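Heads up, upload_23.pdb below (PDB, C-alpha atoms):
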MODEL        1
ATOM      1  CA  MET A   1       7.880  -9.764  30.934
ATOM      2  CA  ALA A   2       6.221  -7.133  28.697
ATOM      3  CA  TYR A   3       2.727  -7.483  27.310
ATOM      4  CA  SER A   4       2.126  -7.393  23.585
ATOM      5  CA  ALA A   5      -0.412  -8.965  21.291
ATOM      6  CA  SER A   6      -1.595  -8.763  17.706
ATOM      7  CA  TYR A   7      -5.127  -8.943  16.320
ATOM      8  CA  ASN A   8      -6.254  -8.871  12.701
ATOM      9  CA  THR A   9      -9.134  -9.040  10.287
ATOM     10  CA  THR A  10      -9.820  -8.504   6.612
ATOM     11  CA  VAL A  11     -12.524  -6.005   5.690
ATOM     12  CA  ARG A  12     -14.316  -5.868   2.344
ATOM     13  CA  ALA A  13     -13.786  -2.117   1.944
ATOM     14  CA  SER A  14     -11.161   0.132   0.421
ATOM     15  CA  GLN A  15      -7.946   0.762   2.317
ATOM     16  CA  ALA A  16      -8.614   4.520   2.406
ATOM     17  CA  ARG A  17     -12.124   4.033   3.812
ATOM     18  CA  VAL A  18     -10.964   1.614   6.499
ATOM     19  CA  PHE A  19      -8.033   3.845   7.457
ATOM     20  CA  ASP A  20     -10.189   6.980   7.672
ATOM     21  CA  TYR A  21     -12.739   5.232   9.883
ATOM     22  CA  VAL A  22     -10.158   3.811  12.296
ATOM     23  CA  ALA A  23      -8.118   7.043  12.366
ATOM     24  CA  ASP A  24     -11.192   8.877  13.700
ATOM     25  CA  VAL A  25     -10.560   7.955  17.337
ATOM     26  CA  SER A  26     -13.823   9.627  18.362
ATOM     27  CA  ARG A  27     -15.635   6.793  16.526
ATOM     28  CA  HIS A  28     -13.840   3.900  18.250
ATOM     29  CA  GLY A  29     -16.768   3.388  20.594
ATOM     30  CA  GLU A  30     -18.888   2.451  17.554
ATOM     31  CA  TRP A  31     -16.846  -0.673  16.932
ATOM     32  CA  GLY A  32     -15.086  -1.346  20.227
ATOM     33  CA  SER A  33     -15.907  -4.301  22.410
ATOM     34  CA  ALA A  34     -19.449  -4.084  23.786
ATOM     35  CA  ASP A  35     -18.122  -4.857  27.286
ATOM     36  CA  ASP A  36     -15.860  -1.792  27.214
ATOM     37  CA  LYS A  37     -18.605   0.768  26.499
ATOM     38  CA  MET A  38     -15.841   3.061  25.232
ATOM     39  CA  LYS A  39     -16.390   6.725  24.398
ATOM     40  CA  ALA A  40     -13.768   9.147  23.095
ATOM     41  CA  THR A  41     -14.032  12.885  22.542
ATOM     42  CA  ALA A  42     -11.472  15.083  20.795
ATOM     43  CA  GLU A  43      -9.967  17.787  23.000
ATOM     44  CA  LYS A  44     -10.036  20.136  19.985
ATOM     45  CA  PRO A  45     -12.290  19.959  16.933
ATOM     46  CA  GLY A  46     -10.748  18.923  13.643
ATOM     47  CA  PRO A  47      -9.629  15.924  11.657
ATOM     48  CA  PRO A  48      -7.271  13.319  13.132
ATOM     49  CA  ALA A  49      -3.670  14.568  13.221
ATOM     50  CA  VAL A  50      -0.379  13.711  14.879
ATOM     51  CA  GLY A  51      -0.523  15.092  18.414
ATOM     52  CA  ALA A  52      -4.335  15.164  18.538
ATOM     53  CA  ARG A  53      -5.624  14.148  21.950
ATOM     54  CA  TYR A  54      -8.868  12.497  22.964
ATOM     55  CA  LYS A  55     -10.454  12.059  26.354
ATOM     56  CA  ALA A  56     -11.621   8.471  26.563
ATOM     57  CA  GLU A  57     -13.535   6.448  29.075
ATOM     58  CA  GLY A  58     -14.731   2.902  29.210
ATOM     59  CA  MET A  59     -15.305   0.019  31.534
ATOM     60  CA  LEU A  60     -12.324  -2.006  32.732
ATOM     61  CA  ASN A  61     -13.005  -4.946  35.029
ATOM     62  CA  GLY A  62     -16.416  -3.476  35.821
ATOM     63  CA  LYS A  63     -15.054  -0.054  36.762
ATOM     64  CA  LEU A  64     -14.989   3.238  34.872
ATOM     65  CA  ASN A  65     -11.497   3.833  33.452
ATOM     66  CA  GLN A  66     -10.542   7.242  32.073
ATOM     67  CA  SER A  67      -7.628   7.740  29.720
ATOM     68  CA  THR A  68      -6.051  10.139  27.272
ATOM     69  CA  VAL A  69      -5.433   8.923  23.745
ATOM     70  CA  THR A  70      -2.748  10.721  21.715
ATOM     71  CA  ILE A  71      -2.138  10.091  18.024
ATOM     72  CA  ALA A  72       1.587   9.443  17.584
ATOM     73  CA  SER A  73       1.716   8.635  13.863
ATOM     74  CA  LEU A  74      -0.737   9.045  11.003
ATOM     75  CA  GLU A  75       0.419   7.681   7.631
ATOM     76  CA  SER A  76      -2.679   7.583   5.444
ATOM     77  CA  PRO A  77      -3.757   5.018   4.311
ATOM     78  CA  ASN A  78      -1.150   2.619   5.718
ATOM     79  CA  ARG A  79      -0.530   3.150   9.420
ATOM     80  CA  LEU A  80      -2.054   4.701  12.546
ATOM     81  CA  VAL A  81      -0.355   4.754  15.945
ATOM     82  CA  PHE A  82      -1.722   6.071  19.212
ATOM     83  CA  ASP A  83      -0.959   5.775  22.895
ATOM     84  CA  ALA A  84      -3.672   5.358  25.500
ATOM     85  CA  LYS A  85      -2.574   6.543  28.945
ATOM     86  CA  ASP A  86      -4.623   5.994  32.078
ATOM     87  CA  SER A  87      -3.790   6.536  35.737
ATOM     88  CA  ASN A  88      -1.216   3.743  35.885
ATOM     89  CA  SER A  89      -0.342   2.476  32.408
ATOM     90  CA  VAL A  90       0.295   3.296  28.773
ATOM     91  CA  PHE A  91      -0.792   1.023  25.933
ATOM     92  CA  HIS A  92       0.683   1.605  22.483
ATOM     93  CA  HIS A  93      -1.675   0.721  19.603
ATOM     94  CA  GLU A  94      -0.392   0.338  16.055
ATOM     95  CA  PHE A  95      -2.808  -0.294  13.180
ATOM     96  CA  LEU A  96      -1.430  -1.435   9.828
ATOM     97  CA  PHE A  97      -3.609  -1.367   6.699
ATOM     98  CA  THR A  98      -2.705  -3.316   3.543
ATOM     99  CA  PRO A  99      -4.616  -4.320   0.411
ATOM    100  CA  ASP A 100      -5.904  -7.892   0.546
ATOM    101  CA  GLY A 101      -7.904  -9.492  -2.258
ATOM    102  CA  GLY A 102     -10.075  -6.497  -3.052
ATOM    103  CA  GLY A 103     -10.393  -5.552   0.610
ATOM    104  CA  THR A 104      -8.139  -4.365   3.404
ATOM    105  CA  ARG A 105      -6.145  -6.348   5.917
ATOM    106  CA  VAL A 106      -6.116  -4.630   9.329
ATOM    107  CA  VAL A 107      -3.492  -5.643  11.881
ATOM    108  CA  ARG A 108      -3.656  -4.165  15.376
ATOM    109  CA  ASN A 109      -0.522  -4.505  17.500
ATOM    110  CA  VAL A 110      -0.953  -3.662  21.181
ATOM    111  CA  THR A 111       1.979  -3.229  23.564
ATOM    112  CA  MET A 112       2.011  -2.125  27.179
ATOM    113  CA  THR A 113       4.859   0.394  27.319
ATOM    114  CA  LYS A 114       4.337   1.448  30.935
ATOM    115  CA  GLY A 115       2.519  -0.086  33.843
ATOM    116  CA  PRO A 116       2.790  -1.780  37.196
ATOM    117  CA  PHE A 117       5.247  -4.664  37.266
ATOM    118  CA  TYR A 118       2.422  -7.160  37.832
ATOM    119  CA  PHE A 119       0.270  -6.088  34.832
ATOM    120  CA  PRO A 120       1.724  -8.605  32.346
ATOM    121  CA  LEU A 121       0.925 -11.373  34.825
ATOM    122  CA  VAL A 122      -2.639 -10.096  35.321
ATOM    123  CA  LEU A 123      -3.106  -9.776  31.562
ATOM    124  CA  SER A 124      -1.877 -13.335  31.035
ATOM    125  CA  ILE A 125      -4.245 -14.654  33.723
ATOM    126  CA  PHE A 126      -7.168 -12.872  32.050
ATOM    127  CA  LYS A 127      -5.889 -13.557  28.529
ATOM    128  CA  SER A 128      -9.137 -15.130  27.324
ATOM    129  CA  THR A 129     -11.112 -12.005  28.321
ATOM    130  CA  VAL A 130      -8.531  -9.665  26.772
ATOM    131  CA  VAL A 131      -8.493 -11.670  23.523
ATOM    132  CA  LYS A 132     -12.305 -11.794  23.486
ATOM    133  CA  ASN A 133     -12.481  -7.994  23.806
ATOM    134  CA  TYR A 134      -9.894  -7.235  21.111
ATOM    135  CA  ASP A 135     -11.169  -9.943  18.736
ATOM    136  CA  GLY A 136     -14.685  -8.645  19.335
ATOM    137  CA  ALA A 137     -13.602  -5.113  18.457
ATOM    138  CA  MET A 138     -11.969  -6.323  15.233
ATOM    139  CA  ALA A 139     -15.117  -8.292  14.332
ATOM    140  CA  ASN A 140     -17.245  -5.209  15.058
ATOM    141  CA  LEU A 141     -14.957  -3.063  12.895
ATOM    142  CA  LYS A 142     -15.347  -5.516  10.012
ATOM    143  CA  ALA A 143     -19.144  -5.705  10.432
ATOM    144  CA  ARG A 144     -19.624  -1.915  10.618
ATOM    145  CA  LEU A 145     -17.541  -1.196   7.543
ATOM    146  CA  GLU A 146     -19.001  -4.045   5.498
ATOM    147  CA  SER A 147     -22.560  -2.979   6.370
ATOM    148  CA  GLY A 148     -21.867   0.450   4.884
ATOM    149  CA  THR A 149     -21.705   2.382   8.162
TER     150      THR A 149
ENDMDL
END
Now, as a test, write the supplied structure out as structure tokens.
Amino acid sequence: MAYSASYNTTVRASQARVFDYVADVSRHGEWGSADDKMKATAEKPGPPAVGARYKAEGMLNGKLNQSTVTIASLESPNRLVFDAKDSNSVFHHEFLFTPDGGGTRVVRNVTMTKGPFYFPLVLSIFKSTVVKNYDGAMANLKARLESGT
């Protein structure tokens, strides 16, 4: 049993603006779930690029969790893919950006590509918390971009 889920929102902002904001992984803490307290710092200065790596940390189940985020695909302004690897798992994140009624539809697909055999079970038990965090991040993304940030 593998874990995967999809989250989405529509933002009243141009596709290019939404893509550029999300592609800047160092800014994910600005719109991530408040419970996660996520911070990400680029290993090397410069704009987002395939292969760029970020040191990230956030709270997971009340404990500090460190990870490395690596951009795997960057197709402006349509698609961003990165992998977040921590001490025992890898989560693959794919963001798709499409025009939608004068705004931008953002779809975030999350798949656990590596992890302990029991992780899908744990994630299903805590599904409401996981969904709350990801839905909260998507709502925060929408609010930040629509407020002009």
What does the structure give for the distance between CA of Asp24 (chain A) and CA of Lys63 (chain A), in Å to one decimal?
25.0 Å
Can you tell me which residues surround Leu145 (chain A) at a distance of at most 9 Å, considering only C-alpha atoms, apart from same-chain residues fewer than 6 positions away, and format the answer as a PyMOL selection string?
chain A and resi 11-13+17-18+21
Of the candidates A:Val22, A:Val50, A:Asn78, A:Gly101, which one gets nearest to Arg144 (chain A) if we count all atoms listed in the file?
A:Val22
When the PyMOL selection byres ((chain A and resi 120) around 7) is applied to the file above, which residues end up in the set, as a VMD selection string?
chain A and resid 1 to 3 118 to 119 121 to 124
How would the residues just picked look written out with C-alpha atoms as a CSV table (one decimal), in the coordinates of the input?
chain,number,residue,atom,x,y,z
A,1,MET,CA,7.9,-9.8,30.9
A,2,ALA,CA,6.2,-7.1,28.7
A,3,TYR,CA,2.7,-7.5,27.3
A,118,TYR,CA,2.4,-7.2,37.8
A,119,PHE,CA,0.3,-6.1,34.8
A,121,LEU,CA,0.9,-11.4,34.8
A,122,VAL,CA,-2.6,-10.1,35.3
A,123,LEU,CA,-3.1,-9.8,31.6
A,124,SER,CA,-1.9,-13.3,31.0
For this file, the PyMOL selection byres ((chain A and resi 60) around 12) selects which residues, as a compact mmCIF listing (two decimals) with C-alpha atoms, keeping the file's coordinate frame?
# COMPACT_ATOMS: atom_id res chain seq x y z
CA SER A 33 -15.91 -4.30 22.41
CA ALA A 34 -19.45 -4.08 23.79
CA ASP A 35 -18.12 -4.86 27.29
CA ASP A 36 -15.86 -1.79 27.21
CA LYS A 37 -18.60 0.77 26.50
CA MET A 38 -15.84 3.06 25.23
CA GLU A 57 -13.54 6.45 29.08
CA GLY A 58 -14.73 2.90 29.21
CA MET A 59 -15.30 0.02 31.53
CA ASN A 61 -13.00 -4.95 35.03
CA GLY A 62 -16.42 -3.48 35.82
CA LYS A 63 -15.05 -0.05 36.76
CA LEU A 64 -14.99 3.24 34.87
CA ASN A 65 -11.50 3.83 33.45
CA GLN A 66 -10.54 7.24 32.07
CA SER A 67 -7.63 7.74 29.72
CA ASP A 86 -4.62 5.99 32.08
CA THR A 129 -11.11 -12.00 28.32
CA VAL A 130 -8.53 -9.66 26.77
CA ASN A 133 -12.48 -7.99 23.81
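Between CA of Phe82 (chain A) and CA of Phe95 (chain A) the interatomic distance comes to 8.8 Å.
Remark: for Pro77 (chain A), the closest of the candidate residues A:Val106, A:Ala16, A:Leu96, A:Val90 is A:Ala16 (distances computed over all atoms listed in the file).
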The PyMOL selection byres ((chain A and resi 115) around 6) resolved against shown file, as a short mmCIF file (atom, residue, chain, number, x, y, z; two decimals) with C-alpha atoms, in the coordinates of the input:
data_model
loop_
_atom_site.label_atom_id
_atom_site.label_comp_id
_atom_site.auth_asym_id
_atom_site.auth_seq_id
_atom_site.Cartn_x
_atom_site.Cartn_y
_atom_site.Cartn_z
CA ASN A 88 -1.22 3.74 35.88
CA SER A 89 -0.34 2.48 32.41
CA LYS A 114 4.34 1.45 30.94
CA PRO A 116 2.79 -1.78 37.20
#
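If all atoms listed in the file are the atoms counted, then among A:Ser128, A:Gln15, A:Thr98, A:Trp31 the closest residue to Lys142 (chain A) is A:Trp31.
Taking CA of Glu30 (chain A) and CA of Tyr134 (chain A) as endpoints, the distance between them is 13.7 Å.
Neighbouring residues of Arg105 (chain A) at 6 Å or closer, counting all atoms listed in the file and skipping chain neighbours under 6 positions away, are Thr9, Thr10, Phe97 and Thr98 of chain A.
Among the candidates A:His92, A:Lys85, A:Arg27, A:Lys55, the residue lying nearest to Ser73 (chain A) is A:His92 (atoms considered: only C-alpha atoms).
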